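Student: Shown below is the structure under consideration.
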Amino acid sequence: MFVSAFDLFKIGLGPSSSHTVGPMRAAQRFAHELAADAKLDSTGQIVVDLYGSLALTGRGHGTDRAILLGLSGETPDRIDPDQVEPKVRRIREQRALVLDGRREIPFREQDHLHFRIDKTLAFHSNGMRFTAYDDAGAIVLRKIFFSVGGGFVVDEAEAQRVGEPAEALHVPYPFANAAGLLEQGNVSKKRIAEMMRANELALRSPDQVRSGLLERWAVMNESIERGMHREGVLPGGLNVRRRAKGLRDSLLARRALKEKSPSESMDWVSVYAIAVNEENAAGSRVVTAPTNGAAGLVPAVIRYYREFYADNNEDDIVTFLLTAAAIGGLCKRNASLSGAEVGCQGEVGVACSMAAAGLAAVLGGSNAQIENAAEIAIEHHLGMSCDPVAGLVQIPCIERNAMGAVKAINAASLALRGDGTHRVSLDMVIKTMYDTGRDMMAKYKETSLGGLAVNVVEC
């Protein structure tokens with residue numbers, strides 16, 4: 001199974017890829033299937049049931065808003081973030097929505113959107129069931145979807161086929177694990193990014209690959225810029241104040257006074273990561289990398305490279321993203337990107353691994369050194385729980401991205417000072433992450449029932 005960079009790096013909305021982007025895509029898909037099956041006109045109402053982690057932390061993660069928008073035909077990559085609030089307010093005030101943008105039906109959240117905190121569906125904690133009824137109360141269509149992390153969505157039938165041999169996309173450099181990726185490189189004498197690019201060309205033209213990846217970097221960089229220029233309190237009730245602008249202004253003031261600090265570059269990395277994740281928490285436009293909760297790491301490390309290393313260019317950005325995608329794809333294939341499934345090790349941990357690999361690549365690392373950087377980065381996130389306070393992607397998520405970005409740079413630096421030989425392989429660490437996630441208690445996996453979520457007093 002080839003996981004494309006364009007699947008991992010999705011343009012979408014905050015605050016959560018699994019709780020916002022995924023549910024919006026599932027709701028839009030359900031509405032579109034009604035239309036495609038000529039069942040739109042016979043639909044009188046739709047009832048949505050959210051289960052598991054979606055039910056427990058969905059309100060804080062904007063799942064309710066995502067469902068309303070998705071049923072209305074909106075998609076996370078196309079909707080204007082500034083139009084989200086007016087559209088949601090209109091639906092709530094009118095107690096009706098225009099299904100798939102074509103047919104108006106009543107929709108009262110107290111009657112039609114249920115947070116089922118009493119139940120979790122078997123396949124994945126992020127489960128949701130959509131049921132369309134006609135005016136007589138008969139079922140027109142019923143489907144179950146799962147938001148499995150990083151904005152990826154599967155329906156019940158697709159979920160049952162997980163693990164089965166898929167109809168293979170023929171790519172020139174297939175790999176199922178890091179060992180296979182390294183072997184492909186040894187045989188072909190190609191770098192990881194070169195092999196990933198060749199695989200991407202099975203899906204897109206050369207110009208589409210390059211321009212699409214640069215578009216994603218542009219959105220990432222815009223998120224950094226917006227976050228560094230905005231002030232105020234983040235929504236949700238925790239009264240978390242934005243810090244990126246103040247941190248940026250302080251660094252610029254020190255720079256103007258020609259004050260030198262050995263930590264200056266790392267301070268900027270933290271600002272970049274915090275800026276992106278404050279934008280994510282505010283529901284603005286970000287790129288899943290590989291999730292929204294971990295959206296700040298890859299942009300922060302790319303921006304760090306752009307700012308502090310001379311002679312970089314757009315080709316380096318493409319190399320960085322393709323290399324990072326190879327690592328993210330391995331983690332998705334052999335473990336998980338979902339905080340609800342394996343905790344934050346599958347979000348910030350994987351993002352750190354991706355960023356470390358990308359940085360090692362653009363700094364000239366060999367494939368073995370790149371794999372070593374990815375391994376170091378994820379190894380030191382093993383066991384990290386996902387315990388968002390009040391179900392919001394704010395505490396500890398925003399700072400956690402800053403810490404992860406610094407770790408990614410450190411991991412790349414350590415790997416580049418070696419020859420790529422190391423005792424623990426990336427494959428071993430990815431398996432360990434998955435095993436640890438399976439053993440982790442549910443209260444530490446994006447349910448806000450344990451950890452900081454219960455030990456931090458909400459004010």
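Chain labels follow the order of the structure tokens: the first chain is A, the next B, and so on; residue numbering restarts at 1 in every chain, and ligands are counted from 1 in their shown order.
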Quick one: DSSP helix (DSSP H, G or I) residues in stretch 61-248 of chain A, as a ChimeraX atom specification?
Tutor: /A:63-71,81-94,109-112,156-160,178-188,192-200,206-229,244-248
Student: Could you name the residues that touch A:Val233 at 10 Å or less, counting only C-alpha atoms, but leaving out those on the same chain fewer than 5 positions away, as number ranges by chain?
Tutor: A: 238-243, 278, 282
Student: Output the selection as an mmCIF file, in the first residue's frame - C-alpha atoms for each residue.
Tutor:
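As a result, part.cif now contains:
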data_model
loop_
_atom_site.group_PDB
_atom_site.id
_atom_site.type_symbol
_atom_site.label_atom_id
_atom_site.label_comp_id
_atom_site.auth_asym_id
_atom_site.auth_seq_id
_atom_site.Cartn_x
_atom_site.Cartn_y
_atom_site.Cartn_z
ATOM 1 C CA LEU A 238 -9.849 27.797 28.740
ATOM 2 C CA ASN A 239 -8.882 31.447 28.172
ATOM 3 C CA VAL A 240 -5.554 30.473 26.619
ATOM 4 C CA ARG A 241 -3.899 33.596 25.263
ATOM 5 C CA ARG A 242 -2.000 33.510 21.992
ATOM 6 C CA ARG A 243 1.742 33.759 22.604
ATOM 7 C CA GLU A 278 -2.524 28.524 17.739
ATOM 8 C CA ALA A 282 -8.592 28.848 16.399
#
Student: Near A:Val154, within 9 Å and counting only C-alpha atoms, which residues show up once chain neighbours fewer than 3 positions away are dropped, as a ChimeraX atom specification?
Tutor: /A:26,144-148,157-159
Student: Between A:Asn277, A:Ser336, A:Thr57, A:Ser413, single out the one closest to A:Gly349, counting only C-alpha atoms.
Tutor: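 The answer is A:Ser336, which sits nearest to A:Gly349.
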Student: Mind checking which residues fall within 9 Å of stretch 292-298 of chain A, counting only C-alpha atoms, ignoring those fewer than 3 positions away in the same chain, and posting them as a VMD selection string?
Tutor: chain A and resid 12 to 18 21 150 to 151 220 223 to 224 269 272 to 277 280 to 281 286 to 289 301 to 303 321 324 339 344 347 to 352 354 to 356 358 393 to 394 397 to 398 400 to 406 408
Student: List the spatial neighbours of A:Gly383 as a list in words - criterion: any atom at most 12 Å away, only C-alpha atoms, same-chain residues fewer than 6 positions off excluded.
Tutor: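 Neighbouring residues, sequence-local ones excluded: Gly339, Val342, Gly343, Cys344, Gln345, Gly346, Glu347, Val348, Gly349, Val429, Ile430, Thr432, Met433, Tyr434, Asp435, Thr436, Gly437, Arg438, Asp439, Met440, Met441, Tyr444 and Lys445 of chain A.
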Student: Given the selection you just returned, output its residues as a file containing N, CA and C atoms, formatted as a PDB file, in the first residue's frame.
Tutor:
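Output below, filename part14.pdb:
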ATOM      1  N   GLY A 339      -4.439   9.808  17.640  1.00  0.00           N
ATOM      2  CA  GLY A 339      -4.308   9.943  19.083  1.00  0.00           C
ATOM      3  C   GLY A 339      -5.338   9.123  19.825  1.00  0.00           C
ATOM      4  N   VAL A 342      -3.539   5.393  19.504  1.00  0.00           N
ATOM      5  CA  VAL A 342      -2.241   5.104  20.119  1.00  0.00           C
ATOM      6  C   VAL A 342      -1.704   6.245  20.976  1.00  0.00           C
ATOM      7  N   GLY A 343      -2.509   7.277  21.240  1.00  0.00           N
ATOM      8  CA  GLY A 343      -2.017   8.402  22.009  1.00  0.00           C
ATOM      9  C   GLY A 343      -1.224   9.381  21.159  1.00  0.00           C
ATOM     10  N   CYS A 344      -0.633  10.368  21.809  1.00  0.00           N
ATOM     11  CA  CYS A 344       0.048  11.438  21.069  1.00  0.00           C
ATOM     12  C   CYS A 344       1.364  10.982  20.459  1.00  0.00           C
ATOM     13  N   GLN A 345       1.858   9.813  20.849  1.00  0.00           N
ATOM     14  CA  GLN A 345       3.043   9.284  20.162  1.00  0.00           C
ATOM     15  C   GLN A 345       2.763   9.087  18.673  1.00  0.00           C
ATOM     16  N   GLY A 346       1.489   8.846  18.324  1.00  0.00           N
ATOM     17  CA  GLY A 346       1.116   8.673  16.924  1.00  0.00           C
ATOM     18  C   GLY A 346       0.870   9.991  16.212  1.00  0.00           C
ATOM     19  N   GLU A 347       0.850  11.083  16.946  1.00  0.00           N
ATOM     20  CA  GLU A 347       0.659  12.392  16.327  1.00  0.00           C
ATOM     21  C   GLU A 347       1.955  13.204  16.409  1.00  0.00           C
ATOM     22  N   VAL A 348       2.261  13.768  17.569  1.00  0.00           N
ATOM     23  CA  VAL A 348       3.491  14.544  17.710  1.00  0.00           C
ATOM     24  C   VAL A 348       4.721  13.658  17.507  1.00  0.00           C
ATOM     25  N   GLY A 349       4.664  12.406  17.995  1.00  0.00           N
ATOM     26  CA  GLY A 349       5.799  11.509  17.804  1.00  0.00           C
ATOM     27  C   GLY A 349       6.089  11.247  16.344  1.00  0.00           C
ATOM     28  N   VAL A 429      10.906   0.564  16.274  1.00  0.00           N
ATOM     29  CA  VAL A 429      10.272   1.636  17.052  1.00  0.00           C
ATOM     30  C   VAL A 429       8.817   1.824  16.630  1.00  0.00           C
ATOM     31  N   ILE A 430       8.547   1.725  15.335  1.00  0.00           N
ATOM     32  CA  ILE A 430       7.158   1.856  14.873  1.00  0.00           C
ATOM     33  C   ILE A 430       6.304   0.737  15.452  1.00  0.00           C
ATOM     34  N   THR A 432       6.900  -0.874  18.225  1.00  0.00           N
ATOM     35  CA  THR A 432       6.789  -0.589  19.657  1.00  0.00           C
ATOM     36  C   THR A 432       5.734   0.473  19.923  1.00  0.00           C
ATOM     37  N   MET A 433       5.706   1.500  19.071  1.00  0.00           N
ATOM     38  CA  MET A 433       4.683   2.540  19.227  1.00  0.00           C
ATOM     39  C   MET A 433       3.285   1.940  19.136  1.00  0.00           C
ATOM     40  N   TYR A 434       3.081   1.075  18.165  1.00  0.00           N
ATOM     41  CA  TYR A 434       1.765   0.465  17.986  1.00  0.00           C
ATOM     42  C   TYR A 434       1.418  -0.439  19.166  1.00  0.00           C
ATOM     43  N   ASP A 435       2.370  -1.257  19.606  1.00  0.00           N
ATOM     44  CA  ASP A 435       2.127  -2.139  20.749  1.00  0.00           C
ATOM     45  C   ASP A 435       1.831  -1.331  22.005  1.00  0.00           C
ATOM     46  N   THR A 436       2.589  -0.253  22.212  1.00  0.00           N
ATOM     47  CA  THR A 436       2.373   0.603  23.381  1.00  0.00           C
ATOM     48  C   THR A 436       0.996   1.246  23.336  1.00  0.00           C
ATOM     49  N   GLY A 437       0.608   1.688  22.152  1.00  0.00           N
ATOM     50  CA  GLY A 437      -0.717   2.292  21.999  1.00  0.00           C
ATOM     51  C   GLY A 437      -1.830   1.311  22.298  1.00  0.00           C
ATOM     52  N   ARG A 438      -1.670   0.079  21.877  1.00  0.00           N
ATOM     53  CA  ARG A 438      -2.698  -0.931  22.150  1.00  0.00           C
ATOM     54  C   ARG A 438      -2.794  -1.222  23.646  1.00  0.00           C
ATOM     55  N   ASP A 439      -1.649  -1.156  24.350  1.00  0.00           N
ATOM     56  CA  ASP A 439      -1.646  -1.418  25.790  1.00  0.00           C
ATOM     57  C   ASP A 439      -2.097  -0.207  26.608  1.00  0.00           C
ATOM     58  N   MET A 440      -2.061   0.968  26.015  1.00  0.00           N
ATOM     59  CA  MET A 440      -2.388   2.197  26.740  1.00  0.00           C
ATOM     60  C   MET A 440      -3.862   2.223  27.133  1.00  0.00           C
ATOM     61  N   MET A 441      -4.139   2.642  28.338  1.00  0.00           N
ATOM     62  CA  MET A 441      -5.531   2.736  28.797  1.00  0.00           C
ATOM     63  C   MET A 441      -6.296   3.766  27.975  1.00  0.00           C
ATOM     64  N   TYR A 444      -6.243   7.636  28.351  1.00  0.00           N
ATOM     65  CA  TYR A 444      -5.101   8.426  27.903  1.00  0.00           C
ATOM     66  C   TYR A 444      -5.065   8.580  26.381  1.00  0.00           C
ATOM     67  N   LYS A 445      -6.154   8.215  25.709  1.00  0.00           N
ATOM     68  CA  LYS A 445      -6.160   8.257  24.246  1.00  0.00           C
ATOM     69  C   LYS A 445      -7.291   9.154  23.736  1.00  0.00           C
TER      70      LYS A 445
END
Student: Residues near A:Ala96, anyone? I mean within 12 Å using only C-alpha atoms, not counting same-chain ones fewer than 6 positions away, as a PyMOL selection string.
Tutor: chain A and resi 44-46+68-69+71-72+87-90+103-109+111-112
Student: Find the nearest atom pair between each residue of stretch 50-109 of chain A and stretch 124-131 of chain A for residues within 6 Å, count only C-alpha atoms, give distances in Å to one decimal, sort rows by chain and ascending number, and present the table as a tab-separated table.
Tutor:
residue	atom	partner	partner_atom	distance
A:Leu50	CA	A:Met128	CA	4.5
A:Tyr51	CA	A:Gly127	CA	5.2
A:Gly52	CA	A:Ser125	CA	4.8
A:Ser53	CA	A:Ser125	CA	5.5
A:Leu54	CA	A:Asn126	CA	5.3
Student: From a DSSP calculation on the backbone, collect every residue of stretch 89-300 of chain A in strand (DSSP E or B) and output the set as a PDB file with N, CA, C and O atoms, in the first residue's frame.
Tutor:
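Result written to part.pdb:
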ATOM      1  N   ALA A  96     -32.066  24.261  10.305  1.00  0.00           N
ATOM      2  CA  ALA A  96     -32.177  23.563   9.026  1.00  0.00           C
ATOM      3  C   ALA A  96     -30.859  23.704   8.287  1.00  0.00           C
ATOM      4  O   ALA A  96     -30.110  24.667   8.497  1.00  0.00           O
ATOM      5  N   LEU A  97     -30.577  22.720   7.437  1.00  0.00           N
ATOM      6  CA  LEU A  97     -29.393  22.803   6.586  1.00  0.00           C
ATOM      7  C   LEU A  97     -29.756  22.356   5.175  1.00  0.00           C
ATOM      8  O   LEU A  97     -30.763  21.672   4.967  1.00  0.00           O
ATOM      9  N   VAL A  98     -28.947  22.768   4.220  1.00  0.00           N
ATOM     10  CA  VAL A  98     -29.171  22.406   2.828  1.00  0.00           C
ATOM     11  C   VAL A  98     -28.284  21.204   2.519  1.00  0.00           C
ATOM     12  O   VAL A  98     -27.075  21.337   2.327  1.00  0.00           O
ATOM     13  N   LEU A  99     -28.877  20.031   2.504  1.00  0.00           N
ATOM     14  CA  LEU A  99     -28.155  18.784   2.352  1.00  0.00           C
ATOM     15  C   LEU A  99     -27.442  18.726   1.007  1.00  0.00           C
ATOM     16  O   LEU A  99     -28.063  18.917  -0.050  1.00  0.00           O
ATOM     17  N   ARG A 103     -30.731  20.258  -1.029  1.00  0.00           N
ATOM     18  CA  ARG A 103     -32.067  20.014  -0.480  1.00  0.00           C
ATOM     19  C   ARG A 103     -32.114  20.425   0.986  1.00  0.00           C
ATOM     20  O   ARG A 103     -31.338  19.928   1.810  1.00  0.00           O
ATOM     21  N   GLU A 104     -33.028  21.318   1.315  1.00  0.00           N
ATOM     22  CA  GLU A 104     -33.140  21.780   2.697  1.00  0.00           C
ATOM     23  C   GLU A 104     -33.899  20.762   3.533  1.00  0.00           C
ATOM     24  O   GLU A 104     -34.976  20.286   3.146  1.00  0.00           O
ATOM     25  N   ILE A 105     -33.325  20.424   4.676  1.00  0.00           N
ATOM     26  CA  ILE A 105     -33.997  19.527   5.622  1.00  0.00           C
ATOM     27  C   ILE A 105     -33.874  20.132   7.019  1.00  0.00           C
ATOM     28  O   ILE A 105     -32.953  20.914   7.287  1.00  0.00           O
ATOM     29  N   PRO A 106     -34.771  19.788   7.926  1.00  0.00           N
ATOM     30  CA  PRO A 106     -34.637  20.282   9.304  1.00  0.00           C
ATOM     31  C   PRO A 106     -33.424  19.641   9.974  1.00  0.00           C
ATOM     32  O   PRO A 106     -33.103  18.480   9.713  1.00  0.00           O
ATOM     33  N   LEU A 113     -28.199  15.174  16.354  1.00  0.00           N
ATOM     34  CA  LEU A 113     -26.772  14.932  16.545  1.00  0.00           C
ATOM     35  C   LEU A 113     -26.550  14.454  17.971  1.00  0.00           C
ATOM     36  O   LEU A 113     -26.717  15.207  18.930  1.00  0.00           O
ATOM     37  N   HIS A 114     -26.182  13.185  18.116  1.00  0.00           N
ATOM     38  CA  HIS A 114     -26.080  12.564  19.436  1.00  0.00           C
ATOM     39  C   HIS A 114     -24.628  12.223  19.771  1.00  0.00           C
ATOM     40  O   HIS A 114     -23.952  11.548  18.988  1.00  0.00           O
ATOM     41  N   PHE A 115     -24.181  12.665  20.935  1.00  0.00           N
ATOM     42  CA  PHE A 115     -22.851  12.320  21.432  1.00  0.00           C
ATOM     43  C   PHE A 115     -22.997  11.110  22.340  1.00  0.00           C
ATOM     44  O   PHE A 115     -23.346  11.227  23.512  1.00  0.00           O
ATOM     45  N   ARG A 116     -22.699   9.937  21.812  1.00  0.00           N
ATOM     46  CA  ARG A 116     -22.931   8.672  22.511  1.00  0.00           C
ATOM     47  C   ARG A 116     -21.718   8.292  23.351  1.00  0.00           C
ATOM     48  O   ARG A 116     -20.926   7.424  22.971  1.00  0.00           O
ATOM     49  N   GLY A 127     -15.707   6.606  15.831  1.00  0.00           N
ATOM     50  CA  GLY A 127     -16.778   6.085  14.988  1.00  0.00           C
ATOM     51  C   GLY A 127     -17.956   7.035  14.890  1.00  0.00           C
ATOM     52  O   GLY A 127     -18.245   7.794  15.819  1.00  0.00           O
ATOM     53  N   MET A 128     -18.653   6.996  13.770  1.00  0.00           N
ATOM     54  CA  MET A 128     -19.855   7.828  13.589  1.00  0.00           C
ATOM     55  C   MET A 128     -20.831   7.104  12.671  1.00  0.00           C
ATOM     56  O   MET A 128     -20.419   6.441  11.718  1.00  0.00           O
ATOM     57  N   ARG A 129     -22.120   7.222  12.999  1.00  0.00           N
ATOM     58  CA  ARG A 129     -23.160   6.578  12.197  1.00  0.00           C
ATOM     59  C   ARG A 129     -24.116   7.633  11.672  1.00  0.00           C
ATOM     60  O   ARG A 129     -24.632   8.460  12.412  1.00  0.00           O
ATOM     61  N   PHE A 130     -24.333   7.595  10.357  1.00  0.00           N
ATOM     62  CA  PHE A 130     -25.263   8.513   9.693  1.00  0.00           C
ATOM     63  C   PHE A 130     -26.481   7.716   9.240  1.00  0.00           C
ATOM     64  O   PHE A 130     -26.335   6.682   8.581  1.00  0.00           O
ATOM     65  N   THR A 131     -27.659   8.220   9.568  1.00  0.00           N
ATOM     66  CA  THR A 131     -28.901   7.564   9.149  1.00  0.00           C
ATOM     67  C   THR A 131     -29.823   8.589   8.523  1.00  0.00           C
ATOM     68  O   THR A 131     -30.162   9.599   9.145  1.00  0.00           O
ATOM     69  N   ALA A 132     -30.208   8.324   7.269  1.00  0.00           N
ATOM     70  CA  ALA A 132     -31.166   9.186   6.570  1.00  0.00           C
ATOM     71  C   ALA A 132     -32.537   8.513   6.595  1.00  0.00           C
ATOM     72  O   ALA A 132     -32.660   7.320   6.320  1.00  0.00           O
ATOM     73  N   TYR A 133     -33.573   9.296   6.960  1.00  0.00           N
ATOM     74  CA  TYR A 133     -34.948   8.801   7.019  1.00  0.00           C
ATOM     75  C   TYR A 133     -35.804   9.564   6.024  1.00  0.00           C
ATOM     76  O   TYR A 133     -35.557  10.749   5.748  1.00  0.00           O
ATOM     77  N   ILE A 139     -35.937   4.092   6.916  1.00  0.00           N
ATOM     78  CA  ILE A 139     -34.524   4.354   6.641  1.00  0.00           C
ATOM     79  C   ILE A 139     -34.283   4.395   5.135  1.00  0.00           C
ATOM     80  O   ILE A 139     -34.624   3.466   4.403  1.00  0.00           O
ATOM     81  N   VAL A 140     -33.689   5.481   4.689  1.00  0.00           N
ATOM     82  CA  VAL A 140     -33.316   5.649   3.284  1.00  0.00           C
ATOM     83  C   VAL A 140     -31.895   5.128   3.057  1.00  0.00           C
ATOM     84  O   VAL A 140     -31.613   4.430   2.088  1.00  0.00           O
ATOM     85  N   LEU A 141     -30.982   5.472   3.983  1.00  0.00           N
ATOM     86  CA  LEU A 141     -29.589   5.034   3.896  1.00  0.00           C
ATOM     87  C   LEU A 141     -28.966   5.130   5.281  1.00  0.00           C
ATOM     88  O   LEU A 141     -29.209   6.091   6.006  1.00  0.00           O
ATOM     89  N   ARG A 142     -28.184   4.124   5.627  1.00  0.00           N
ATOM     90  CA  ARG A 142     -27.450   4.154   6.905  1.00  0.00           C
ATOM     91  C   ARG A 142     -26.018   3.719   6.639  1.00  0.00           C
ATOM     92  O   ARG A 142     -25.776   2.704   5.989  1.00  0.00           O
ATOM     93  N   LYS A 143     -25.055   4.490   7.157  1.00  0.00           N
ATOM     94  CA  LYS A 143     -23.648   4.153   6.971  1.00  0.00           C
ATOM     95  C   LYS A 143     -22.864   4.503   8.225  1.00  0.00           C
ATOM     96  O   LYS A 143     -23.161   5.492   8.912  1.00  0.00           O
ATOM     97  N   ILE A 144     -21.861   3.680   8.481  1.00  0.00           N
ATOM     98  CA  ILE A 144     -20.929   3.926   9.575  1.00  0.00           C
ATOM     99  C   ILE A 144     -19.573   4.291   8.977  1.00  0.00           C
ATOM    100  O   ILE A 144     -19.103   3.645   8.037  1.00  0.00           O
ATOM    101  N   PHE A 145     -18.976   5.335   9.518  1.00  0.00           N
ATOM    102  CA  PHE A 145     -17.647   5.762   9.103  1.00  0.00           C
ATOM    103  C   PHE A 145     -16.732   5.810  10.321  1.00  0.00           C
ATOM    104  O   PHE A 145     -17.187   5.982  11.452  1.00  0.00           O
ATOM    105  N   PHE A 146     -15.446   5.697  10.067  1.00  0.00           N
ATOM    106  CA  PHE A 146     -14.436   5.840  11.105  1.00  0.00           C
ATOM    107  C   PHE A 146     -13.410   6.867  10.652  1.00  0.00           C
ATOM    108  O   PHE A 146     -12.924   6.823   9.518  1.00  0.00           O
ATOM    109  N   SER A 147     -13.084   7.792  11.548  1.00  0.00           N
ATOM    110  CA  SER A 147     -12.037   8.771  11.283  1.00  0.00           C
ATOM    111  C   SER A 147     -10.770   8.236  11.935  1.00  0.00           C
ATOM    112  O   SER A 147     -10.620   8.273  13.162  1.00  0.00           O
ATOM    113  N   VAL A 153     -10.526   8.735   6.320  1.00  0.00           N
ATOM    114  CA  VAL A 153     -11.854   8.219   6.674  1.00  0.00           C
ATOM    115  C   VAL A 153     -12.094   6.914   5.928  1.00  0.00           C
ATOM    116  O   VAL A 153     -11.786   6.810   4.732  1.00  0.00           O
ATOM    117  N   VAL A 154     -12.643   5.928   6.632  1.00  0.00           N
ATOM    118  CA  VAL A 154     -13.063   4.680   5.986  1.00  0.00           C
ATOM    119  C   VAL A 154     -14.480   4.371   6.429  1.00  0.00           C
ATOM    120  O   VAL A 154     -14.888   4.706   7.543  1.00  0.00           O
ATOM    121  N   ASP A 155     -15.259   3.737   5.531  1.00  0.00           N
ATOM    122  CA  ASP A 155     -16.587   3.295   5.947  1.00  0.00           C
ATOM    123  C   ASP A 155     -16.477   1.881   6.516  1.00  0.00           C
ATOM    124  O   ASP A 155     -15.398   1.290   6.578  1.00  0.00           O
ATOM    125  N   VAL A 233      -7.451  35.756  22.718  1.00  0.00           N
ATOM    126  CA  VAL A 233      -7.704  34.528  23.475  1.00  0.00           C
ATOM    127  C   VAL A 233      -8.261  33.473  22.530  1.00  0.00           C
ATOM    128  O   VAL A 233      -9.135  33.756  21.705  1.00  0.00           O
ATOM    129  N   ARG A 241      -4.280  32.451  26.084  1.00  0.00           N
ATOM    130  CA  ARG A 241      -3.899  33.596  25.263  1.00  0.00           C
ATOM    131  C   ARG A 241      -2.869  33.181  24.215  1.00  0.00           C
ATOM    132  O   ARG A 241      -1.988  32.373  24.474  1.00  0.00           O
ATOM    133  N   ARG A 285      -6.947  27.779   8.761  1.00  0.00           N
ATOM    134  CA  ARG A 285      -6.414  26.883   7.741  1.00  0.00           C
ATOM    135  C   ARG A 285      -5.029  26.375   8.136  1.00  0.00           C
ATOM    136  O   ARG A 285      -4.136  27.159   8.454  1.00  0.00           O
ATOM    137  N   VAL A 286      -4.858  25.064   8.138  1.00  0.00           N
ATOM    138  CA  VAL A 286      -3.562  24.430   8.387  1.00  0.00           C
ATOM    139  C   VAL A 286      -3.429  23.233   7.454  1.00  0.00           C
ATOM    140  O   VAL A 286      -4.363  22.876   6.742  1.00  0.00           O
ATOM    141  N   VAL A 287      -2.265  22.604   7.489  1.00  0.00           N
ATOM    142  CA  VAL A 287      -2.028  21.379   6.731  1.00  0.00           C
ATOM    143  C   VAL A 287      -1.781  20.245   7.715  1.00  0.00           C
ATOM    144  O   VAL A 287      -0.925  20.370   8.603  1.00  0.00           O
TER     145      VAL A 287
END
Student: Using only C-alpha atoms, which of the listed residues (A:Gly232, A:Pro388, A:Gly420, A:Pro174) sits closest to A:Met1?
Tutor: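 The answer is A:Pro174, which sits nearest to A:Met1.
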Student: Go ahead and compute the interatomic distance for atom CA of A:Glu222 and atom CA of A:Ala411, in Å to one decimal.
Tutor: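 Between atom CA of A:Glu222 and atom CA of A:Ala411 the gap works out to 26.1 Å.
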Student: Using only C-alpha atoms, tabulate the residues of stretch 109-174 of chain A lying at most 10 Å from any atom of stretch 195-211 of chain A, each with its closest atom pair and that distance in Å to one decimal, by chain and increasing residue number, as CSV.
Tutor:
residue,atom,partner,partner_atom,distance
A:Leu169,CA,A:Ala202,CA,8.0
A:His170,CA,A:Ala202,CA,7.3
A:Val171,CA,A:Asn199,CA,5.0
A:Pro172,CA,A:Asn199,CA,6.0
A:Tyr173,CA,A:Met195,CA,6.1
A:Pro174,CA,A:Asn199,CA,7.9
Student: Using only C-alpha atoms, find the one residue out of A:Gln110, A:Thr291, A:Asn367, A:Thr43 that sits nearest to A:Gly185.
Tutor: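 Closest candidate: A:Asn367.
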Student: Atom CA of A:Lys245 and atom CA of A:Ala390 are how many Å apart?
Tutor: 24.4 Å
Student: Between atom CA of A:Ser270 and atom CA of A:Arg248, what is the distance in Å, rounded to a tenth?
Tutor: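 Separation between atom CA of A:Ser270 and atom CA of A:Arg248: 9.8 Å.
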Student: Show me, as an MDAnalysis selection string, the residues that have an atom within 7 Å of A:Ile67 when counting only C-alpha atoms, minus same-chain residues fewer than 5 positions from it.
Tutor: chainID A and resid 23:24 27
Student: Taking all heavy atoms for each residue, export the selection above as a short mmCIF file (atom, residue, chain, number, x, y, z; two decimals), in the first residue's frame.
Tutor:
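So part_21.cif came out as:
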data_model
loop_
_atom_site.label_atom_id
_atom_site.label_comp_id
_atom_site.auth_asym_id
_atom_site.auth_seq_id
_atom_site.Cartn_x
_atom_site.Cartn_y
_atom_site.Cartn_z
N PRO A 23 -14.51 13.91 10.29
CA PRO A 23 -15.97 13.95 10.33
C PRO A 23 -16.60 14.82 9.25
O PRO A 23 -17.66 14.49 8.72
CB PRO A 23 -16.26 14.50 11.73
CG PRO A 23 -15.11 14.02 12.55
CD PRO A 23 -13.92 14.13 11.62
N MET A 24 -15.95 15.95 8.89
CA MET A 24 -16.50 16.77 7.82
C MET A 24 -16.47 16.02 6.50
O MET A 24 -17.44 16.04 5.73
CB MET A 24 -15.73 18.09 7.69
CG MET A 24 -16.43 19.09 6.78
SD MET A 24 -15.48 20.62 6.44
CE MET A 24 -15.26 21.26 8.08
N ALA A 27 -19.21 13.28 6.64
CA ALA A 27 -20.55 13.84 6.48
C ALA A 27 -20.80 14.26 5.04
O ALA A 27 -21.88 14.01 4.47
CB ALA A 27 -20.74 15.03 7.42
#
